[in-house]
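Participant: Dropping in protein38.cif, with mmCIF, C-alpha atoms.
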```
data_coords
loop_
_atom_site.label_atom_id
_atom_site.label_comp_id
_atom_site.auth_asym_id
_atom_site.auth_seq_id
_atom_site.Cartn_x
_atom_site.Cartn_y
_atom_site.Cartn_z
CA MET A 850 58.88 -25.09 199.37
CA ASN A 851 55.73 -27.18 198.99
CA LYS A 852 53.19 -24.85 200.63
CA SER A 853 49.81 -24.29 199.01
CA ASP A 854 48.59 -20.67 199.03
CA LEU A 855 45.44 -20.07 196.97
CA LYS A 856 45.61 -16.34 197.77
CA ARG A 857 48.59 -16.07 195.43
CA ASP A 858 46.38 -17.38 192.64
CA TYR A 859 43.80 -14.63 193.24
CA PRO A 860 43.40 -11.85 190.61
CA MET A 861 46.12 -9.24 191.22
CA LEU A 862 45.31 -6.32 188.90
CA ARG A 863 44.77 -3.58 191.43
CA GLY A 864 46.63 -0.42 192.43
CA ARG A 865 49.24 0.52 189.83
CA PHE A 866 48.77 -2.85 188.12
CA ALA A 867 45.18 -1.98 187.18
CA LYS A 868 46.37 0.48 184.52
CA LYS A 869 49.76 -1.05 183.82
CA GLY A 870 49.71 -4.70 184.70
CA TYR A 871 49.16 -8.28 183.57
CA ASP A 872 48.01 -11.38 185.40
CA TRP A 873 48.04 -14.87 183.93
CA TRP A 874 47.25 -18.47 184.82
CA TRP A 875 49.34 -20.97 182.84
CA HIS A 876 48.90 -24.72 182.29
CA ASN A 877 50.81 -27.32 180.29
CA PHE A 878 50.35 -31.08 180.02
CA THR A 879 50.74 -34.08 177.70
CA ALA A 880 47.94 -35.92 175.89
CA VAL A 881 47.62 -38.87 173.51
CA SER A 882 45.87 -38.97 170.13
CA GLU A 883 42.70 -41.04 170.31
CA LYS A 884 43.25 -42.17 166.72
CA THR A 885 46.99 -42.77 166.37
CA GLY A 886 48.33 -42.99 169.93
CA GLU A 887 50.72 -40.10 169.15
CA GLU A 888 51.81 -38.10 172.17
CA ARG A 889 51.57 -34.31 172.10
CA SER A 890 52.24 -31.60 174.67
CA PHE A 891 49.73 -28.74 175.02
CA PHE A 892 49.52 -25.40 176.81
CA ILE A 893 46.62 -23.20 177.87
CA GLU A 894 46.86 -19.75 179.42
CA TYR A 895 44.36 -17.16 180.58
CA PHE A 896 46.11 -13.76 180.35
CA THR A 897 44.51 -10.55 181.65
CA CYS A 898 45.80 -7.03 181.06
CA ASN A 899 45.02 -3.43 182.17
CA PRO A 900 41.36 -3.67 183.34
CA ASP A 901 41.15 0.05 184.17
CA LEU A 902 41.83 0.90 180.52
CA ALA A 903 38.94 -1.23 179.26
CA LYS A 904 36.85 -0.30 176.23
CA GLU A 905 33.85 -2.00 174.62
CA ILE A 906 36.15 -4.11 172.46
CA PRO A 907 39.54 -5.68 173.23
CA VAL A 908 42.33 -3.10 172.93
CA LEU A 909 45.23 -4.75 171.07
CA GLY A 910 48.53 -3.01 171.68
CA GLN A 911 50.13 -4.05 168.39
CA LEU A 912 47.32 -2.53 166.30
CA LYS A 913 48.76 0.53 164.56
CA GLU A 914 45.84 2.83 165.31
CA ASN A 915 46.14 2.03 169.03
CA GLN A 916 49.85 2.72 168.91
CA ASP A 917 49.24 6.02 167.05
CA PHE A 918 46.74 7.17 169.70
CA GLY A 919 48.74 5.82 172.64
CA ASN A 920 46.10 3.27 173.63
CA ARG A 921 47.65 0.59 175.83
CA PRO A 922 46.38 -3.02 175.64
CA SER A 923 43.36 -4.07 177.68
CA TYR A 924 41.75 -7.52 177.41
CA LEU A 925 41.53 -11.14 178.42
CA MET A 926 43.67 -13.20 176.04
CA VAL A 927 43.09 -16.95 175.98
CA LYS A 928 46.34 -18.44 174.70
CA CYS A 929 46.49 -22.08 173.72
CA GLY A 930 48.40 -24.44 171.46
CA TRP A 931 50.88 -27.28 171.25
CA TRP A 932 54.55 -28.09 170.84
CA GLY A 933 56.30 -30.59 168.58
CA LYS A 934 55.53 -31.06 164.90
CA ASN A 935 53.84 -27.93 163.52
CA ALA A 936 54.05 -26.17 166.89
CA THR A 937 51.19 -23.67 167.10
CA GLN A 938 50.01 -20.83 169.33
CA LEU A 939 46.49 -19.43 169.11
CA HIS A 940 45.08 -16.27 170.72
CA ARG A 941 41.47 -15.39 171.40
CA PHE A 942 40.72 -11.92 172.79
CA PHE A 943 37.82 -10.74 174.95
CA SER A 944 36.92 -7.28 176.19
CA TRP A 945 36.62 -6.72 179.91
CA ASP A 946 32.87 -6.23 179.39
CA ASP A 947 32.72 -9.90 178.36
CA THR A 948 35.03 -11.10 181.13
CA GLU A 949 34.45 -12.01 184.74
CA VAL A 950 37.41 -12.52 187.09
CA TYR A 951 36.73 -13.44 190.70
CA PHE A 952 37.87 -15.47 193.72
CA THR A 953 36.47 -17.23 196.76
CA LYS A 954 38.36 -18.20 199.89
CA GLU A 955 37.19 -21.79 199.60
CA TYR A 956 37.66 -22.47 195.89
CA GLY A 957 40.25 -19.94 194.72
CA TYR A 958 40.19 -17.98 191.47
CA GLY A 959 37.84 -18.03 188.49
CA VAL A 960 38.10 -16.54 184.99
CA LYS A 961 35.10 -16.64 182.68
CA ALA A 962 34.41 -15.24 179.19
CA ARG A 963 31.69 -16.79 177.04
CA ASN A 964 32.61 -20.48 176.66
CA CYS A 965 36.10 -20.04 178.16
CA PHE A 966 36.59 -20.77 181.85
CA ALA A 967 39.45 -21.44 184.25
CA SER A 968 39.63 -22.27 187.95
CA GLU A 969 41.84 -24.26 190.32
CA THR A 970 40.17 -27.50 189.23
CA LEU A 971 38.66 -26.98 185.75
CA LEU A 972 39.68 -25.61 182.34
CA ARG A 973 37.22 -25.17 179.50
CA GLY A 974 37.33 -23.25 176.24
CA SER A 975 38.10 -22.97 172.56
CA ALA A 976 39.95 -20.81 170.07
CA GLU A 977 39.89 -20.74 166.27
CA ILE A 978 41.93 -18.50 163.98
CA SER A 979 41.65 -18.69 160.19
CA GLU A 980 44.64 -18.52 157.86
CA GLU A 981 43.26 -15.24 156.53
CA ASP A 982 42.92 -13.64 159.97
CA SER A 983 46.35 -14.85 161.08
CA LYS A 984 47.91 -13.32 157.96
CA ASN A 985 45.92 -10.07 157.89
CA HIS A 986 45.99 -9.32 161.63
CA PRO A 987 49.57 -9.31 162.95
CA GLU A 988 48.22 -7.64 166.09
CA TYR A 989 46.76 -11.06 167.02
CA MET A 990 50.39 -12.27 167.40
CA CYS A 991 49.43 -15.87 166.61
CA ASP A 992 49.17 -18.70 164.10
CA ALA A 993 46.14 -20.23 162.40
CA GLY A 994 44.32 -23.28 163.71
CA SER A 995 41.70 -24.46 166.16
CA MET A 996 41.67 -25.97 169.64
CA GLU A 997 38.94 -26.97 172.08
CA TRP A 998 39.36 -28.38 175.59
CA GLU A 999 37.58 -29.67 178.68
CA ILE A 1000 40.04 -30.61 181.42
CA GLU A 1001 40.02 -31.30 185.15
CA VAL A 1002 43.05 -30.26 187.20
CA GLU A 1003 44.44 -31.85 190.36
CA LYS A 1004 47.30 -29.80 191.80
CA GLN A 1005 49.57 -31.99 193.92
CA VAL A 1006 52.80 -30.12 194.73
CA ALA A 1007 53.27 -26.35 195.03
CA PHE A 1008 56.32 -24.13 194.71
CA ASN A 1009 55.78 -21.24 197.10
CA VAL A 1010 58.65 -18.78 196.60
CA GLY A 1011 58.21 -17.28 200.07
CA TYR A 1012 57.87 -13.73 201.35
CA GLY A 1013 58.82 -12.09 198.01
CA ALA A 1014 55.31 -12.84 196.73
CA GLY A 1015 53.69 -12.61 200.15
CA ASP A 1016 50.99 -10.22 201.37
CA PHE A 1017 53.33 -7.32 202.19
CA PHE A 1018 55.22 -7.20 198.89
CA ARG A 1019 52.01 -7.84 196.93
CA PHE A 1020 50.43 -4.84 198.68
CA LEU A 1021 53.41 -2.66 197.80
CA THR A 1022 53.46 -3.96 194.18
CA ALA A 1023 57.21 -3.83 194.72
CA PHE A 1024 58.32 -6.31 192.05
CA GLU A 1025 57.91 -5.91 188.30
CA MET A 1026 57.16 -9.64 187.94
CA TYR A 1027 55.77 -12.07 190.52
CA TRP A 1028 55.58 -15.87 190.38
CA HIS A 1029 53.69 -18.62 192.18
CA ALA A 1030 53.41 -22.28 191.09
CA GLU A 1031 50.42 -23.70 192.96
CA GLY A 1032 50.63 -26.84 190.83
CA MET A 1033 54.22 -27.38 189.75
CA LYS A 1034 53.24 -31.06 189.85
CA SER A 1035 49.67 -31.54 188.64
CA LYS A 1036 47.52 -34.27 187.14
CA TYR A 1037 45.22 -33.39 184.25
CA SER A 1038 42.34 -35.40 182.79
CA GLY A 1039 39.92 -34.76 179.95
CA TYR A 1040 40.32 -34.05 176.25
CA VAL A 1041 41.71 -31.62 173.68
CA ILE A 1042 40.60 -31.32 170.05
CA ALA A 1043 43.41 -29.76 167.99
CA ASN A 1044 42.71 -29.01 164.32
CA GLY A 1045 39.94 -31.60 164.41
CA GLU A 1046 41.99 -34.38 166.03
CA LYS A 1047 40.97 -35.56 169.48
CA PHE A 1048 43.59 -36.10 172.18
CA LEU A 1049 42.90 -37.78 175.51
CA VAL A 1050 44.47 -36.36 178.66
CA LYS A 1051 45.20 -39.17 181.11
CA PRO A 1052 46.25 -38.29 184.68
CA GLU A 1053 49.09 -40.79 184.94
CA LEU A 1054 50.62 -39.63 181.63
CA SER A 1055 49.81 -35.91 181.72
CA PHE A 1056 53.03 -34.70 183.42
CA GLY A 1057 51.10 -31.53 184.21
CA TYR A 1058 52.24 -28.11 185.42
CA ALA A 1059 50.32 -24.99 186.56
CA ASP A 1060 51.64 -21.62 187.65
CA LYS A 1061 50.83 -17.92 187.77
CA ASN A 1062 52.71 -14.73 186.89
CA TRP A 1063 51.68 -11.13 187.37
CA GLY A 1064 53.23 -7.67 187.41
CA ALA A 1065 53.95 -4.57 185.35
CA ASP A 1066 56.53 -5.98 182.93
CA PHE A 1067 58.45 -9.12 182.01
CA THR A 1068 62.02 -10.11 182.78
CA SER A 1069 65.03 -10.32 180.49
CA PRO A 1070 66.61 -12.79 180.35
CA TRP A 1071 63.57 -15.00 180.85
CA VAL A 1072 64.30 -18.54 182.08
CA TRP A 1073 61.92 -21.35 183.01
CA LEU A 1074 62.38 -25.13 183.34
CA SER A 1075 60.11 -27.69 184.99
CA SER A 1076 59.37 -31.42 184.85
CA ASN A 1077 57.79 -34.21 186.89
CA ASP A 1078 58.69 -36.91 184.34
CA LEU A 1079 61.73 -38.04 186.31
CA VAL A 1080 63.64 -41.34 186.44
CA SER A 1081 66.60 -42.06 188.71
CA LYS A 1082 69.73 -42.97 186.74
CA ILE A 1083 71.07 -44.69 189.86
CA THR A 1084 68.16 -47.04 190.56
CA GLY A 1085 66.36 -46.95 187.21
CA LYS A 1086 63.08 -46.30 189.04
CA ARG A 1087 60.53 -43.62 188.21
CA LEU A 1088 60.30 -40.91 190.88
CA GLU A 1089 56.58 -40.76 191.58
CA ASN A 1090 56.70 -37.99 194.18
CA SER A 1091 59.22 -35.62 192.60
CA VAL A 1092 59.28 -32.46 190.49
CA PHE A 1093 61.66 -29.59 189.85
CA ASP A 1094 60.87 -26.01 188.89
CA ILE A 1095 63.31 -23.23 187.96
CA GLY A 1096 62.41 -19.69 186.94
CA GLY A 1097 63.56 -16.09 186.83
CA GLY A 1098 66.06 -13.93 185.02
CA ARG A 1099 66.77 -10.41 186.21
CA PRO A 1100 64.18 -9.28 188.75
CA LYS A 1101 63.33 -5.63 189.37
CA VAL A 1102 62.36 -4.24 192.77
CA PHE A 1103 60.87 -0.74 192.89
CA GLY A 1104 62.12 -0.32 189.33
CA ILE A 1105 65.74 -1.22 190.15
CA ALA A 1106 67.18 -4.23 188.31
CA MET A 1107 68.98 -6.84 190.41
CA ASN A 1108 71.73 -9.19 189.27
CA ARG A 1109 70.76 -12.26 187.25
CA GLN A 1110 68.93 -14.55 189.63
CA LEU A 1111 66.83 -17.71 189.52
CA LEU A 1112 64.42 -19.30 191.97
CA SER A 1113 64.08 -23.07 192.08
CA ASP A 1114 62.84 -26.01 194.07
CA PHE A 1115 63.50 -29.73 193.63
CA TRP A 1116 60.78 -31.65 195.45
CA TYR A 1117 62.63 -34.95 195.62
CA GLU A 1118 60.53 -37.88 196.87
CA GLY A 1119 58.76 -35.80 199.47
CA LYS A 1120 61.62 -33.52 200.52
CA SER A 1121 62.21 -29.95 199.36
CA TYR A 1122 65.61 -28.74 198.16
CA GLU A 1123 65.03 -25.05 197.60
CA PHE A 1124 67.42 -22.57 195.97
CA ASN A 1125 65.97 -19.12 196.60
CA PHE A 1126 68.12 -15.99 196.39
CA SER A 1127 65.60 -14.02 198.49
CA LYS A 1128 66.33 -16.34 201.43
CA PHE A 1129 69.83 -14.92 201.86
CA TRP A 1130 70.45 -16.82 205.08
CA THR A 1131 70.63 -20.08 203.09
CA GLY A 1132 73.74 -18.86 201.23
CA CYS A 1133 72.10 -19.38 197.85
CA LYS A 1134 74.34 -18.91 194.79
CA THR A 1135 73.37 -19.37 191.16
CA LYS A 1136 75.24 -19.58 187.88
CA PHE A 1137 73.43 -20.10 184.61
CA ASP A 1138 74.24 -20.12 180.94
CA CYS A 1139 71.45 -20.33 178.37
CA LYS A 1140 72.19 -20.18 174.68
CA GLU A 1141 70.66 -20.66 171.27
CA THR A 1142 72.42 -22.74 168.62
CA GLU A 1143 71.32 -23.43 165.06
CA LYS A 1144 69.11 -26.36 166.05
CA GLU A 1145 68.48 -26.21 169.79
CA ILE A 1146 68.26 -24.23 173.02
CA ASN A 1147 70.60 -25.24 175.86
CA TRP A 1148 70.34 -24.49 179.58
CA TYR A 1149 73.09 -25.07 182.13
CA ILE A 1150 72.28 -24.05 185.70
CA ARG A 1151 74.24 -24.62 188.90
CA GLN A 1152 72.72 -23.61 192.22
CA GLU A 1153 73.92 -24.17 195.74
CA THR A 1154 73.06 -23.38 199.34
CA HIS A 1155 74.83 -24.24 202.59
CA LYS A 1156 73.18 -27.68 202.48
CA ALA A 1157 72.73 -28.73 198.83
CA VAL A 1158 73.80 -28.35 195.20
CA MET A 1159 71.65 -28.77 192.10
CA GLU A 1160 73.17 -29.00 188.63
CA THR A 1161 70.82 -28.92 185.64
CA ASN A 1162 71.60 -29.61 181.96
CA ILE A 1163 68.65 -29.32 179.56
CA THR A 1164 68.25 -29.29 175.76
CA CYS A 1165 65.19 -28.71 173.58
CA GLN A 1166 65.09 -28.93 169.80
CA LYS A 1167 63.97 -25.69 168.14
CA GLU A 1168 61.88 -27.62 165.62
CA ASP A 1169 59.70 -28.71 168.58
CA MET A 1170 59.41 -25.19 170.04
CA LEU A 1171 57.76 -21.91 169.15
CA LEU A 1172 58.50 -18.24 169.60
CA VAL A 1173 55.87 -17.35 172.15
CA ASN A 1174 54.32 -13.89 171.83
CA TYR A 1175 53.36 -11.40 174.53
CA GLU A 1176 53.01 -7.64 174.61
CA ALA A 1177 53.79 -5.80 177.82
CA PRO A 1178 51.10 -3.71 179.58
CA ASP A 1179 52.69 -0.53 178.21
CA GLY A 1180 51.98 -1.82 174.68
CA LYS A 1181 55.58 -2.62 173.77
CA LYS A 1182 56.61 -6.01 172.42
CA ARG A 1183 60.17 -6.37 173.62
CA HIS A 1184 60.46 -10.17 173.64
CA ASN A 1185 60.75 -11.19 169.99
CA ARG A 1186 62.83 -14.36 170.45
CA LEU A 1187 61.25 -15.93 173.50
CA TRP A 1188 61.66 -19.66 172.86
CA ASN A 1189 59.02 -21.82 174.51
CA GLY A 1190 58.70 -25.61 174.55
CA GLY A 1191 57.33 -28.63 176.34
CA ASN A 1192 59.54 -31.43 175.01
CA GLY A 1193 62.85 -30.65 176.69
CA LYS A 1194 65.18 -33.42 177.85
CA GLY A 1195 68.16 -33.54 180.16
CA THR A 1196 69.59 -34.41 183.53
CA VAL A 1197 69.50 -33.01 187.04
CA LYS A 1198 72.12 -33.88 189.65
CA LEU A 1199 71.27 -33.31 193.30
CA PHE A 1200 73.98 -33.30 195.96
CA LYS A 1201 73.96 -33.07 199.73
CA LYS A 1202 76.57 -30.55 200.83
CA LYS A 1203 78.63 -30.60 204.02
CA GLY A 1204 81.31 -27.96 204.03
CA LYS A 1205 83.10 -28.42 200.72
CA GLN A 1206 82.20 -32.08 200.45
CA LEU A 1207 79.46 -33.10 198.02
CA ASN A 1208 77.59 -36.41 198.25
CA LEU A 1209 75.41 -37.37 195.31
CA ILE A 1210 71.77 -37.90 196.32
CA ASP A 1211 70.65 -38.78 192.80
CA GLU A 1212 71.19 -38.13 189.13
CA VAL A 1213 67.84 -37.84 187.41
CA GLU A 1214 66.86 -38.16 183.77
CA ALA A 1215 64.07 -35.69 182.94
CA GLY A 1216 61.61 -35.64 180.06
CA HIS A 1217 58.55 -33.61 179.02
CA ILE A 1218 60.37 -30.54 180.32
CA GLY A 1219 58.52 -27.26 180.07
CA CYS A 1220 61.15 -24.76 179.03
CA GLU A 1221 61.62 -21.13 178.10
CA PHE A 1222 64.45 -18.79 177.25
CA GLY A 1223 64.66 -15.37 175.69
CA GLU A 1224 66.19 -11.92 175.97
CA TYR A 1225 65.05 -8.57 174.68
CA CYS A 1226 66.16 -7.95 171.11
#
```
Written as structure tokens, how would this file's structure read?
Facilitator:
Amino acid sequence: MNKSDLKRDYPMLRGRFAKKGYDWWWHNFTAVSEKTGEERSFFIEYFTCNPDLAKEIPVLGQLKENQDFGNRPSYLMVKCGWWGKNATQLHRFFSWDDTEVYFTKEYGYGVKARNCFASETLLRGSAEISEEDSKNHPEYMCDAGSMEWEIEVEKQVAFNVGYGAGDFFRFLTAFEMYWHAEGMKSKYSGYVIANGEKFLVKPELSFGYADKNWGADFTSPWVWLSSNDLVSKITGKRLENSVFDIGGGRPKVFGIAMNRQLLSDFWYEGKSYEFNFSKFWTGCKTKFDCKETEKEINWYIRQETHKAVMETNITCQKEDMLLVNYEAPDGKKRHNRLWNGGNGKGTVKLFKKKGKQLNLIDEVEAGHIGCEFGEYC
């Protein structure tokens, strides 16, 4: 459902989440090398954790001395990097003393730490990790390299999942993991400098995405797919006002795990086709099969309501992906094969449903697909 709600992008680490909680703002987009014209997909995330456990320095949960003394993580982590050849993730940590997180009703959220900044409309920052530090500090959970960015954000289409992330359930901190995509279709502009090479971010070619997750823990399985690089296979025309977004796994409510479920919305040329298990009156049903082969990750998802069916087939080459690293607010690192990419490809079929009869609305070829899959291991 395309309904903007900046309140869902506000900082959420209060109540029980203040001592056992995370809150992140995620962005991914495509840019072009100023020198070679090569295309590359990038990601930037501002990840906050356990503010009420703050110390003078960032508390890293994978550091042995913190594990020995039972110190849970507490920090702002600026995560950034790229997919494709030599896929890289970089982490820069700040203590809460060096971090400011705030919101205003008019302009939404803000995160600031030294030269790193994020808001609804602007991203700025840098990260640099040496080969020596990457090798000698496994608690950093990242590769070596450098990245700098200055980017403007224009969020165009939102995926509002409804009452599950609304005021009442946010107040209760009922779910273990919440989701809101204020900019599931976004335009980005500016530049990125990755390992010394400058990339230009052009709005019409950025294929941008922005969302937010928060809670006390992650989900397993973990599934995410999204793209606004869509071309109709029926007409051959690019869909300029379309985007799809799929996410979820196995949600927990008040600590009780539900069946495997996904939330999704296909905003197709100005009309929403939503598949949301929490809206039980729509008759939403979901089947999904995600698997890892030797060379690729495959997603097959079929969702239906009383009015529509969406069938999604996506593939991403593992050589273009990375194993993305997070530690949970309790200090455990349970996701150790969480595949993450931005170069997925595939098709989406959308049907109008009347009784048992299905009428094809469109079959869409998708590129630049943001994608994720992993289970605890």
Participant: Determine, using all atoms listed in the file, which residues of segment 1059-1175 of chain A have any atom at most 10 Å from an atom of segment 864-888 of chain A, and tabulate each with its shortest atom pair and distance in Å to one decimal place, rows ordered by chain and then rising number, as CSV.
Facilitator:
```
residue,atom,partner,partner_atom,distance
A:Ala1059,CA,A:His876,CA,4.5
A:Asp1060,CA,A:Trp875,CA,5.4
A:Lys1061,CA,A:Trp874,CA,4.7
A:Asn1062,CA,A:Trp873,CA,5.5
A:Trp1063,CA,A:Asp872,CA,4.2
A:Gly1064,CA,A:Gly870,CA,5.3
A:Ala1065,CA,A:Gly870,CA,4.3
A:Asp1066,CA,A:Gly870,CA,7.2
A:Phe1067,CA,A:Tyr871,CA,9.5
```
Participant: A:Cys1165, A:Leu1074, A:Ile978, A:Ile1210: which is nearest Lys1120 of chain A, counting all atoms listed in the file?
Facilitator: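 That would be A:Ile1210, the residue with the smallest distance to Lys1120 of chain A.
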Participant: Restricting the calculation to all atoms listed in the file: of A:Gly1223, A:Gly1013, A:Ile1218, A:Leu912, which residue gets closest to Thr1068 of chain A?
Facilitator: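 Among A:Gly1223, A:Gly1013, A:Ile1218, A:Leu912, it is A:Gly1223 that comes nearest to Thr1068 of chain A.
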Participant: Could you list, as a PDB file with C-alpha atoms, in the frame of the given file, every residue within 12 Å of Lys1205 of chain A, counting all atoms listed in the file and ignoring same-chain residues fewer than 5 positions away?
Facilitator:
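Dumped everything to out15.pdb:
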```pdb
ATOM      1  CA  GLU A1153      73.920 -24.170 195.740  1.00  0.00           C
ATOM      2  CA  THR A1154      73.060 -23.380 199.340  1.00  0.00           C
ATOM      3  CA  HIS A1155      74.830 -24.240 202.590  1.00  0.00           C
ATOM      4  CA  LYS A1156      73.180 -27.680 202.480  1.00  0.00           C
ATOM      5  CA  ALA A1157      72.730 -28.730 198.830  1.00  0.00           C
ATOM      6  CA  VAL A1158      73.800 -28.350 195.200  1.00  0.00           C
ATOM      7  CA  PHE A1200      73.980 -33.300 195.960  1.00  0.00           C
TER       8      PHE A1200
END
```
Participant: When distances are computed from only C-alpha atoms, which of A:Tyr1175, A:Phe1093, A:Tyr1225, A:Tyr956 shows the smallest separation from Ser1121 of chain A?
Facilitator: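 Among the listed residues, A:Phe1093 lies closest to Ser1121 of chain A.
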Participant: Find the residue from A:Gly1180, A:Gly1195, A:Gly933, A:Gly959 that sits nearest to Asn1162 of chain A; use all atoms listed in the file when measuring.
Facilitator: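 For Asn1162 of chain A, the nearest of the candidates is A:Gly1195.
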Participant: Pick from A:Tyr1037, A:Phe952, A:Trp1071, A:Phe1126: nearest to Trp1148 of chain A, with all atoms listed in the file counted?
Facilitator: A:Trp1071
Participant: Give the answer as one residue: which of A:Arg973, A:Lys1194, A:Arg1183, A:Lys934 has the shortest atom-to-atom distance to Val960 of chain A, using all atoms listed in the file?
Facilitator: A:Arg973
Participant: Atom CA of Gly1057 of chain A to atom CA of Gln1152 of chain A: how many Å, to one decimal?
Facilitator: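 For atom CA of Gly1057 of chain A relative to atom CA of Gln1152 of chain A, the distance reads 24.4 Å.
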Participant: Can you list what the PyMOL selection byres ((chain A and resi 1179) around 8) grabs from this structure, as a list of chain:residue names?
Facilitator: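 What the PyMOL selection byres ((chain A and resi 1179) around 8) grabs from the file is A:Lys869, A:Arg921, A:Pro922, A:Glu1176, A:Ala1177, A:Pro1178, A:Gly1180, A:Lys1181.
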Participant: Just add N, CA, C and O atoms to segment 923-935 of chain A and send it as a PDB file, in the coordinates of the input.
Facilitator:
```pdb
ATOM      1  N   SER A 923      44.300  -3.779 176.601  1.00  0.00           N
ATOM      2  CA  SER A 923      43.360  -4.070 177.680  1.00  0.00           C
ATOM      3  C   SER A 923      42.438  -5.192 177.198  1.00  0.00           C
ATOM      4  O   SER A 923      41.672  -5.012 176.247  1.00  0.00           O
ATOM      5  N   TYR A 924      42.520  -6.368 177.879  1.00  0.00           N
ATOM      6  CA  TYR A 924      41.750  -7.520 177.410  1.00  0.00           C
ATOM      7  C   TYR A 924      41.982  -8.733 178.310  1.00  0.00           C
ATOM      8  O   TYR A 924      42.873  -8.731 179.170  1.00  0.00           O
ATOM      9  N   LEU A 925      41.194  -9.769 178.057  1.00  0.00           N
ATOM     10  CA  LEU A 925      41.530 -11.140 178.420  1.00  0.00           C
ATOM     11  C   LEU A 925      41.988 -11.820 177.142  1.00  0.00           C
ATOM     12  O   LEU A 925      41.268 -11.807 176.139  1.00  0.00           O
ATOM     13  N   MET A 926      43.180 -12.404 177.156  1.00  0.00           N
ATOM     14  CA  MET A 926      43.670 -13.200 176.040  1.00  0.00           C
ATOM     15  C   MET A 926      43.712 -14.667 176.472  1.00  0.00           C
ATOM     16  O   MET A 926      44.373 -14.999 177.457  1.00  0.00           O
ATOM     17  N   VAL A 927      42.988 -15.512 175.766  1.00  0.00           N
ATOM     18  CA  VAL A 927      43.090 -16.950 175.980  1.00  0.00           C
ATOM     19  C   VAL A 927      44.112 -17.475 174.979  1.00  0.00           C
ATOM     20  O   VAL A 927      43.889 -17.434 173.770  1.00  0.00           O
ATOM     21  N   LYS A 928      45.240 -17.916 175.510  1.00  0.00           N
ATOM     22  CA  LYS A 928      46.340 -18.440 174.700  1.00  0.00           C
ATOM     23  C   LYS A 928      46.328 -19.953 174.808  1.00  0.00           C
ATOM     24  O   LYS A 928      46.228 -20.504 175.910  1.00  0.00           O
ATOM     25  N   CYS A 929      46.455 -20.631 173.682  1.00  0.00           N
ATOM     26  CA  CYS A 929      46.490 -22.080 173.720  1.00  0.00           C
ATOM     27  C   CYS A 929      47.297 -22.591 172.533  1.00  0.00           C
ATOM     28  O   CYS A 929      47.590 -21.843 171.599  1.00  0.00           O
ATOM     29  N   GLY A 930      47.665 -23.867 172.577  1.00  0.00           N
ATOM     30  CA  GLY A 930      48.400 -24.440 171.460  1.00  0.00           C
ATOM     31  C   GLY A 930      49.154 -25.681 171.868  1.00  0.00           C
ATOM     32  O   GLY A 930      48.870 -26.305 172.895  1.00  0.00           O
ATOM     33  N   TRP A 931      50.130 -26.046 171.032  1.00  0.00           N
ATOM     34  CA  TRP A 931      50.880 -27.280 171.250  1.00  0.00           C
ATOM     35  C   TRP A 931      52.302 -27.132 170.750  1.00  0.00           C
ATOM     36  O   TRP A 931      52.619 -26.249 169.945  1.00  0.00           O
ATOM     37  N   TRP A 932      53.156 -28.030 171.249  1.00  0.00           N
ATOM     38  CA  TRP A 932      54.550 -28.090 170.840  1.00  0.00           C
ATOM     39  C   TRP A 932      54.787 -29.351 170.013  1.00  0.00           C
ATOM     40  O   TRP A 932      53.944 -30.227 169.943  1.00  0.00           O
ATOM     41  N   GLY A 933      55.967 -29.436 169.408  1.00  0.00           N
ATOM     42  CA  GLY A 933      56.300 -30.590 168.580  1.00  0.00           C
ATOM     43  C   GLY A 933      56.099 -30.251 167.120  1.00  0.00           C
ATOM     44  O   GLY A 933      56.282 -29.104 166.690  1.00  0.00           O
ATOM     45  N   LYS A 934      55.732 -31.261 166.328  1.00  0.00           N
ATOM     46  CA  LYS A 934      55.530 -31.060 164.900  1.00  0.00           C
ATOM     47  C   LYS A 934      54.441 -30.005 164.664  1.00  0.00           C
ATOM     48  O   LYS A 934      53.370 -30.065 165.235  1.00  0.00           O
ATOM     49  N   ASN A 935      54.766 -29.026 163.812  1.00  0.00           N
ATOM     50  CA  ASN A 935      53.840 -27.930 163.520  1.00  0.00           C
ATOM     51  C   ASN A 935      53.391 -27.206 164.793  1.00  0.00           C
ATOM     52  O   ASN A 935      52.197 -26.930 164.990  1.00  0.00           O
TER      53      ASN A 935
END
```
